[in-house]
file data-v4.cif (mmCIF, C-alpha atoms and all ligand atoms)
data_data
#
loop_
_atom_site.label_atom_id
_atom_site.label_comp_id
_atom_site.auth_asym_id
_atom_site.auth_seq_id
_atom_site.Cartn_x
_atom_site.Cartn_y
_atom_site.Cartn_z
CA MET A 27 -36.99 -107.96 56.55
CA ASN A 28 -35.75 -111.56 56.84
CA PHE A 29 -35.72 -111.83 53.07
CA LEU A 30 -33.51 -108.76 52.75
CA LEU A 31 -31.20 -109.97 55.50
CA ASP A 32 -30.91 -113.33 53.75
CA GLU A 33 -30.03 -111.63 50.47
CA VAL A 34 -27.43 -109.46 52.18
CA ALA A 35 -25.98 -112.53 53.91
CA ARG A 36 -25.73 -114.39 50.58
CA ALA A 37 -24.11 -111.35 48.97
CA THR A 38 -21.67 -111.11 51.88
CA LEU A 39 -20.60 -114.68 51.32
CA ARG A 40 -20.14 -114.09 47.60
CA LEU A 41 -18.02 -110.97 48.20
CA ALA A 42 -15.93 -112.72 50.87
CA GLU A 43 -15.22 -115.56 48.44
CA ALA A 44 -14.10 -112.97 45.86
CA GLY A 45 -11.55 -111.57 48.35
CA VAL A 46 -13.35 -108.28 49.11
CA ALA A 47 -11.89 -106.87 52.33
CA SER A 48 -15.16 -105.68 53.97
CA PRO A 49 -17.82 -107.98 52.49
CA ARG A 50 -20.67 -107.33 54.95
CA THR A 51 -20.32 -103.54 54.82
CA ASP A 52 -20.17 -103.58 51.03
CA ALA A 53 -23.17 -105.91 50.73
CA GLU A 54 -25.18 -103.54 52.95
CA GLU A 55 -23.94 -100.40 51.15
CA LEU A 56 -25.01 -101.87 47.81
CA ALA A 57 -28.43 -102.80 49.22
CA ALA A 58 -28.81 -99.28 50.57
CA PHE A 59 -27.76 -97.81 47.22
CA VAL A 60 -30.20 -99.94 45.23
CA HIS A 61 -33.08 -98.96 47.55
CA GLY A 62 -32.14 -95.30 47.80
CA VAL A 63 -31.70 -95.36 51.58
CA ARG A 64 -28.80 -95.06 54.02
CA ARG A 65 -27.32 -98.25 55.45
CA GLY A 66 -28.92 -97.58 58.83
CA GLU A 67 -32.36 -97.42 57.16
CA LEU A 68 -32.27 -100.85 55.54
CA HIS A 69 -34.80 -102.13 58.07
CA ASN A 70 -37.40 -99.85 56.40
CA VAL A 71 -37.11 -101.60 53.02
CA PRO A 72 -40.28 -103.68 52.43
CA ASP A 73 -39.94 -107.47 52.44
CA GLY A 74 -39.61 -109.10 49.05
CA ASP A 75 -38.68 -105.81 47.40
CA PHE A 76 -35.34 -107.00 46.12
CA ASP A 77 -34.45 -106.97 42.48
CA ALA A 78 -31.95 -108.02 39.88
CA LEU A 79 -30.11 -104.70 40.08
CA TYR A 80 -28.76 -105.70 43.50
CA TRP A 81 -27.23 -108.87 42.15
CA GLU A 82 -25.78 -106.99 39.19
CA CYS A 83 -24.07 -104.64 41.64
CA VAL A 84 -22.86 -107.54 43.77
CA ALA A 85 -21.39 -109.22 40.68
CA ARG A 86 -19.51 -106.02 39.78
CA ARG A 87 -18.14 -105.75 43.31
CA ALA A 88 -17.19 -109.46 43.26
CA ALA A 89 -15.20 -108.66 40.10
CA ARG A 90 -13.37 -106.16 42.37
CA GLU A 91 -14.78 -102.95 40.93
CA PRO A 92 -14.60 -100.38 43.76
CA LEU A 93 -17.82 -99.94 45.73
CA GLN A 94 -17.72 -96.19 45.07
CA HIS A 95 -17.55 -96.68 41.29
CA ILE A 96 -20.69 -98.82 41.44
CA THR A 97 -22.64 -96.37 43.60
CA GLY A 98 -21.05 -93.29 41.98
CA ARG A 99 -20.52 -91.67 45.36
CA ALA A 100 -17.89 -91.45 48.08
CA PHE A 101 -18.32 -90.12 51.58
CA PHE A 102 -15.53 -87.90 52.92
CA ARG A 103 -15.85 -86.07 56.26
CA TYR A 104 -19.19 -84.20 55.85
CA LEU A 105 -19.28 -84.49 52.05
CA GLU A 106 -20.92 -86.82 49.59
CA LEU A 107 -18.77 -86.63 46.45
CA GLN A 108 -19.39 -87.87 42.93
CA VAL A 109 -16.73 -90.30 41.75
CA GLY A 110 -16.22 -92.75 38.89
CA PRO A 111 -13.79 -93.76 36.17
CA GLY A 112 -10.86 -91.35 35.88
CA VAL A 113 -10.67 -90.12 39.47
CA PHE A 114 -9.00 -91.39 42.65
CA VAL A 115 -11.55 -92.51 45.25
CA PRO A 116 -10.93 -90.48 48.43
CA ARG A 117 -9.91 -92.60 51.43
CA PRO A 118 -10.74 -92.35 55.15
CA GLU A 119 -7.01 -92.01 56.03
CA THR A 120 -6.98 -88.64 54.30
CA GLU A 121 -9.81 -87.36 56.51
CA ILE A 122 -7.46 -87.28 59.50
CA MET A 123 -4.89 -85.16 57.67
CA VAL A 124 -7.66 -82.77 56.63
CA GLY A 125 -8.75 -82.61 60.28
CA TRP A 126 -5.22 -81.52 61.20
CA ALA A 127 -5.30 -78.84 58.49
CA ILE A 128 -8.66 -77.53 59.67
CA ASP A 129 -7.52 -77.33 63.31
CA THR A 130 -4.31 -75.58 62.20
CA LEU A 131 -6.21 -73.03 60.11
CA ARG A 132 -8.66 -72.31 62.93
CA ALA A 133 -5.73 -71.70 65.29
CA MET A 134 -4.03 -69.29 62.86
CA ASP A 135 -4.54 -65.63 63.46
CA VAL A 136 -5.59 -65.06 59.83
CA ALA A 137 -9.10 -63.91 58.92
CA ASP A 138 -9.33 -65.42 55.42
CA PRO A 139 -6.51 -67.94 55.04
CA LEU A 140 -5.10 -68.82 51.62
CA VAL A 141 -4.99 -72.60 51.16
CA VAL A 142 -3.56 -74.71 48.32
CA ASP A 143 -4.48 -78.38 47.70
CA LEU A 144 -2.04 -80.02 45.28
CA GLY A 145 -3.35 -83.05 43.32
CA THR A 146 -6.97 -82.47 44.21
CA GLY A 147 -8.56 -85.50 42.45
CA SER A 148 -12.26 -85.44 43.36
CA GLY A 149 -11.75 -82.16 45.26
CA ALA A 150 -12.31 -83.92 48.61
CA ILE A 151 -9.62 -82.05 50.55
CA ALA A 152 -10.23 -78.62 49.01
CA ILE A 153 -14.01 -78.69 49.43
CA SER A 154 -13.82 -80.04 53.02
CA ILE A 155 -11.52 -77.20 54.02
CA ALA A 156 -13.76 -74.60 52.41
CA GLN A 157 -16.77 -76.12 54.15
CA GLU A 158 -15.21 -76.36 57.60
CA VAL A 159 -13.12 -73.17 57.59
CA PRO A 160 -15.76 -70.66 56.53
CA ARG A 161 -13.58 -67.77 55.32
CA SER A 162 -10.79 -69.80 53.72
CA ARG A 163 -9.95 -69.32 50.03
CA VAL A 164 -8.87 -72.64 48.55
CA HIS A 165 -6.99 -73.24 45.29
CA ALA A 166 -7.03 -76.83 44.03
CA VAL A 167 -4.50 -78.02 41.42
CA GLU A 168 -4.86 -81.13 39.27
CA ILE A 169 -2.84 -82.26 36.24
CA ASP A 170 -5.20 -84.90 34.89
CA SER A 171 -8.11 -83.50 32.89
CA ALA A 172 -10.44 -86.46 33.63
CA ALA A 173 -9.90 -86.04 37.38
CA LEU A 174 -10.24 -82.27 37.11
CA ALA A 175 -13.68 -82.69 35.53
CA TRP A 176 -14.82 -84.64 38.63
CA ALA A 177 -13.33 -81.98 40.93
CA ARG A 178 -15.18 -79.22 39.06
CA ARG A 179 -18.45 -81.16 39.25
CA ASN A 180 -18.03 -81.63 43.00
CA ILE A 181 -17.00 -78.01 43.59
CA ASP A 182 -19.99 -76.75 41.59
CA SER A 183 -22.46 -78.84 43.58
CA SER A 184 -20.82 -78.17 46.98
CA GLY A 185 -22.22 -74.73 47.64
CA HIS A 186 -18.65 -73.43 48.11
CA ALA A 187 -17.71 -72.66 44.51
CA ASP A 188 -17.24 -69.00 45.48
CA ARG A 189 -14.20 -69.98 47.63
CA VAL A 190 -12.77 -73.05 45.86
CA THR A 191 -10.98 -72.54 42.54
CA ALA A 192 -9.80 -75.48 40.44
CA HIS A 193 -6.70 -75.06 38.26
CA GLN A 194 -5.35 -77.48 35.69
CA GLY A 195 -1.60 -77.66 36.17
CA ASP A 196 1.45 -79.45 37.44
CA MET A 197 1.84 -79.27 41.23
CA ARG A 198 5.60 -78.81 40.79
CA THR A 199 5.21 -75.45 39.08
CA ALA A 200 1.65 -74.43 39.95
CA LEU A 201 0.36 -71.06 41.16
CA PRO A 202 3.50 -68.88 40.97
CA GLU A 203 1.18 -65.90 41.58
CA PHE A 204 0.92 -67.07 45.21
CA ASP A 205 4.66 -67.49 45.86
CA GLY A 206 5.45 -66.71 49.51
CA ARG A 207 1.80 -66.00 50.39
CA VAL A 208 0.15 -69.35 51.13
CA ASP A 209 -0.97 -69.96 54.74
CA LEU A 210 -1.46 -73.72 54.41
CA LEU A 211 -0.42 -76.19 51.73
CA ILE A 212 -1.85 -79.69 51.72
CA SER A 213 -1.32 -82.62 49.40
CA ASN A 214 -2.16 -86.28 49.08
CA PRO A 215 0.29 -86.83 46.22
CA PRO A 216 1.02 -90.03 44.32
CA TYR A 217 3.28 -92.10 46.59
CA VAL A 218 3.06 -95.78 45.61
CA PRO A 219 6.52 -97.22 44.85
CA THR A 220 6.67 -98.68 41.34
CA ARG A 221 8.59 -101.62 42.82
CA GLU A 222 5.40 -102.56 44.75
CA ALA A 223 3.24 -102.71 41.60
CA GLY A 224 2.63 -106.44 42.01
CA GLN A 225 1.28 -106.10 45.54
CA ILE A 226 -1.60 -103.68 45.22
CA PRO A 227 -5.24 -104.86 45.22
CA PRO A 228 -7.23 -105.03 41.95
CA GLU A 229 -9.55 -102.16 42.99
CA VAL A 230 -6.53 -99.86 43.07
CA ARG A 231 -4.52 -101.32 40.18
CA ASN A 232 -7.44 -101.46 37.74
CA TYR A 233 -9.50 -98.41 38.74
CA ASP A 234 -7.48 -95.67 40.45
CA PRO A 235 -5.84 -93.62 37.66
CA ALA A 236 -2.09 -94.17 37.21
CA PRO A 237 -1.13 -90.49 37.84
CA ALA A 238 -2.75 -90.82 41.29
CA LEU A 239 -0.53 -93.72 42.30
CA TRP A 240 3.01 -94.02 41.04
CA SER A 241 5.95 -91.91 42.15
CA GLY A 242 9.27 -93.58 41.35
CA ALA A 243 10.94 -96.72 42.70
CA ASP A 244 10.66 -95.68 46.38
CA GLY A 245 7.39 -93.73 46.00
CA LEU A 246 9.00 -90.51 47.22
CA ASP A 247 9.73 -88.68 43.94
CA MET A 248 6.74 -86.32 44.20
CA ILE A 249 7.25 -85.70 47.92
CA ARG A 250 10.86 -84.61 47.18
CA GLU A 251 9.39 -82.13 44.68
CA LEU A 252 6.88 -80.92 47.28
CA GLU A 253 9.74 -79.83 49.54
CA ARG A 254 10.73 -77.28 46.87
CA VAL A 255 7.12 -76.33 46.19
CA GLY A 256 6.44 -75.71 49.89
CA ARG A 257 9.54 -73.55 50.15
CA ARG A 258 8.33 -71.49 47.19
CA LEU A 259 4.63 -71.12 48.05
CA LEU A 260 4.41 -70.88 51.84
CA ARG A 261 4.65 -67.60 53.72
CA PRO A 262 6.96 -67.44 56.77
CA GLY A 263 5.22 -69.44 59.52
CA GLY A 264 2.94 -71.15 56.96
CA ALA A 265 2.01 -74.82 57.49
CA MET A 266 2.14 -77.91 55.28
CA ALA A 267 0.71 -81.44 55.44
CA ILE A 268 1.62 -84.29 53.07
CA GLU A 269 0.12 -87.76 53.07
CA HIS A 270 2.40 -90.75 52.45
CA GLY A 271 2.36 -94.51 52.32
CA ASP A 272 3.00 -97.30 54.79
CA GLY A 273 6.62 -97.45 55.84
CA GLN A 274 7.55 -94.04 54.38
CA GLY A 275 7.25 -92.22 57.73
CA ILE A 276 10.88 -92.88 58.60
CA ASP A 277 12.36 -91.40 55.41
CA ILE A 278 10.16 -88.36 54.91
CA PRO A 279 11.02 -86.05 57.84
CA ARG A 280 14.66 -85.94 56.74
CA LEU A 281 13.54 -84.53 53.37
CA PHE A 282 12.49 -81.34 55.25
CA PRO A 283 15.66 -80.25 57.09
CA GLU A 284 16.03 -77.25 59.35
CA GLU A 285 18.79 -75.81 57.09
CA LEU A 286 16.12 -75.33 54.41
CA GLY A 287 13.88 -73.43 56.80
CA TRP A 288 11.57 -76.25 57.95
CA ARG A 289 10.39 -76.33 61.57
CA ASP A 290 8.28 -78.66 63.75
CA VAL A 291 8.47 -81.56 61.28
CA ARG A 292 6.37 -84.34 62.73
CA ASN A 293 4.92 -87.71 61.68
CA CYS A 294 1.21 -88.22 62.31
CA LYS A 295 -0.69 -91.50 62.46
CA ASP A 296 -3.90 -92.80 60.88
CA LEU A 297 -6.71 -94.63 62.70
CA ALA A 298 -4.73 -97.88 62.45
CA HIS A 299 -1.82 -96.14 64.26
CA ARG A 300 0.41 -96.21 61.18
CA ASP A 301 2.47 -93.18 60.17
CA ARG A 302 0.28 -91.66 57.43
CA PHE A 303 1.14 -88.00 56.98
CA VAL A 304 3.84 -85.54 57.83
CA VAL A 305 3.25 -81.96 58.99
CA MET A 306 5.63 -79.02 59.30
CA ARG A 307 5.82 -75.27 59.09
CA ARG A 308 8.13 -72.66 57.57
CA ALA A 309 10.45 -70.75 59.86
CA ASP A 310 9.21 -67.30 60.84
CA ASP A 311 11.15 -64.46 59.24
C1 LIG A 401 -3.52 -89.87 45.56
S1 LIG A 401 -4.48 -88.85 44.50
C2 LIG A 401 -5.24 -87.78 45.68
C3 LIG A 401 -6.54 -87.18 45.23
C4 LIG A 401 -7.28 -86.37 46.33
N1 LIG A 401 -6.49 -85.26 46.79
C5 LIG A 401 -7.63 -87.25 47.51
O1 LIG A 401 -6.99 -87.16 48.55
O2 LIG A 401 -8.54 -88.06 47.38
C6 LIG A 401 -3.22 -87.82 43.75
C7 LIG A 401 -3.74 -86.83 42.73
O3 LIG A 401 -2.64 -86.05 42.25
C8 LIG A 401 -2.77 -85.88 40.85
N2 LIG A 401 -1.43 -85.60 40.29
C9 LIG A 401 -0.44 -86.47 40.03
N3 LIG A 401 0.66 -85.85 39.56
C10 LIG A 401 0.34 -84.53 39.53
C11 LIG A 401 1.06 -83.35 39.17
N4 LIG A 401 2.32 -83.41 38.71
N5 LIG A 401 0.45 -82.16 39.29
C12 LIG A 401 -0.86 -82.08 39.75
N6 LIG A 401 -1.58 -83.16 40.10
C13 LIG A 401 -0.99 -84.38 40.00
C14 LIG A 401 -3.38 -87.17 40.37
O4 LIG A 401 -3.95 -87.04 39.09
C15 LIG A 401 -4.37 -87.47 41.49
O5 LIG A 401 -5.62 -86.89 41.23
#

call {"tool": "encode", "arguments": {"input": "data-v4.cif", "output": "structure tokens"}}
result
Amino acid sequence: MNFLLDEVARATLRLAEAGVASPRTDAEELAAFVHGVRRGELHNVPDGDFDALYWECVARRAAREPLQHITGRAFFRYLELQVGPGVFVPRPETEIMVGWAIDTLRAMDVADPLVVDLGTGSGAIAISIAQEVPRSRVHAVEIDSAALAWARRNIDSSGHADRVTAHQGDMRTALPEFDGRVDLLISNPPYVPTREAGQIPPEVRNYDPAPALWSGADGLDMIRELERVGRRLLRPGGAMAIEHGDGQGIDIPRLFPEELGWRDVRNCKDLAHRDRFVVMRRADD
């Protein structure tokens, strides 16, 4: 046990020197991955049973490859998703928005709600909703074929493939067959301002796919489009949630004015108490 702890401590130091934001957690996650256990089970790994693979993984992480690309998995709410090159790694911030969507769907007086997830990436949002809202029917849209392949893999292995359908398409024009019928629309769209390109960490810049990130100089281009998409797809009284970036909380609510039929537009915060997503609903008829 001391040997393993020493190795993890050395790895932590190496990752900290490389500028990794959570070096201890990542050093432990990589140890757990290499030994096929959960982080909380590391104490069960026999002494001296540490191999070169661990240090290979640590070197990759020190070169700022995302942890989830090295392990091939990402945890999101109650899911373990497969991820890797070509797909956006789902983030904990998004879990809170999905929690809001799940609570909203449970409170709706609709037996089998119709849900649309625009820009599904790994499928994290769509599959979580299907898992946690048992009779929901979820349609997930993704433009990028590499990302869509990951979503399909995750949907197929989720046990919910009967209620989650993946579509390749552009979120701006997707699913016209559901116009005016959708109960809840959710999206974590690209929202990084191109003018901030120099400020983002290497894990994001070098590994998250470009279509997942950029959305015009102020980062709001796709969210402006989503206002029109929400108006087209949602039924009267239907709800919408859109994730956004730091500092965008002030500008976004005014993109959803009452004159266009939006009601109860509200900023919601992430665990760090920063505005992270906006929610709203369509006026009733
Ligand atoms: C920030 S990622 C979010 C992925 C996933 N929903 C999540 O929360 O982890 C945005 C996703 O939207 C997709 N995307 C970008 N532009 C799109 C468009 N016009 N139509 C459909 N999907 C798009 C990207 O390829 C990417 O997978």

call {"tool": "residues_near_ligand", "arguments": {"input": "data-v4.cif", "ligand": "ligand LIG 401 (chain A)", "cutoff": "9 Å", "atoms": "all atoms listed in the file", "output": "VMD selection string"}}
result
chain A and resid 102 112 to 117 119 to 121 143 to 152 166 to 174 194 to 200 212 to 218 234 to 241 248 269

call {"tool": "closest_residue", "arguments": {"input": "data-v4.cif", "among": "A:Met266, A:Ile226, A:Ala298, A:Leu105", "to": "Ile128 (chain A)", "atoms": "only C-alpha atoms"}}
result
A:Met266

call {"tool": "atom_distance", "arguments": {"input": "data-v4.cif", "atom1": "CA of Leu140 (chain A)", "atom2": "CA of Arg307 (chain A)"}}
result
14.7 Å

call {"tool": "residues_around", "arguments": {"input": "data-v4.cif", "residues": "Ser162 (chain A)", "least_positions_apart": "2", "cutoff": "6 Å", "atoms": "all atoms listed in the file", "output": "ChimeraX atom specification"}}
result
/A:138-139,156,159-160

call {"tool": "atom_distance", "arguments": {"input": "data-v4.cif", "atom1": "CA of Asn293 (chain A)", "atom2": "CA of Arg280 (chain A)"}}
result
11.1 Å

call {"tool": "residues_around", "arguments": {"input": "data-v4.cif", "residues": "Pro228 (chain A)", "least_positions_apart": "3", "cutoff": "9 Å", "atoms": "all atoms listed in the file", "output": "PyMOL selection string"}}
result
chain A and resi 89-92+231-233

call {"tool": "closest_residue", "arguments": {"input": "data-v4.cif", "among": "A:Glu222, A:Asp77, A:Glu54, A:Asp290", "to": "Asp244 (chain A)", "atoms": "all atoms listed in the file"}}
result
A:Glu222
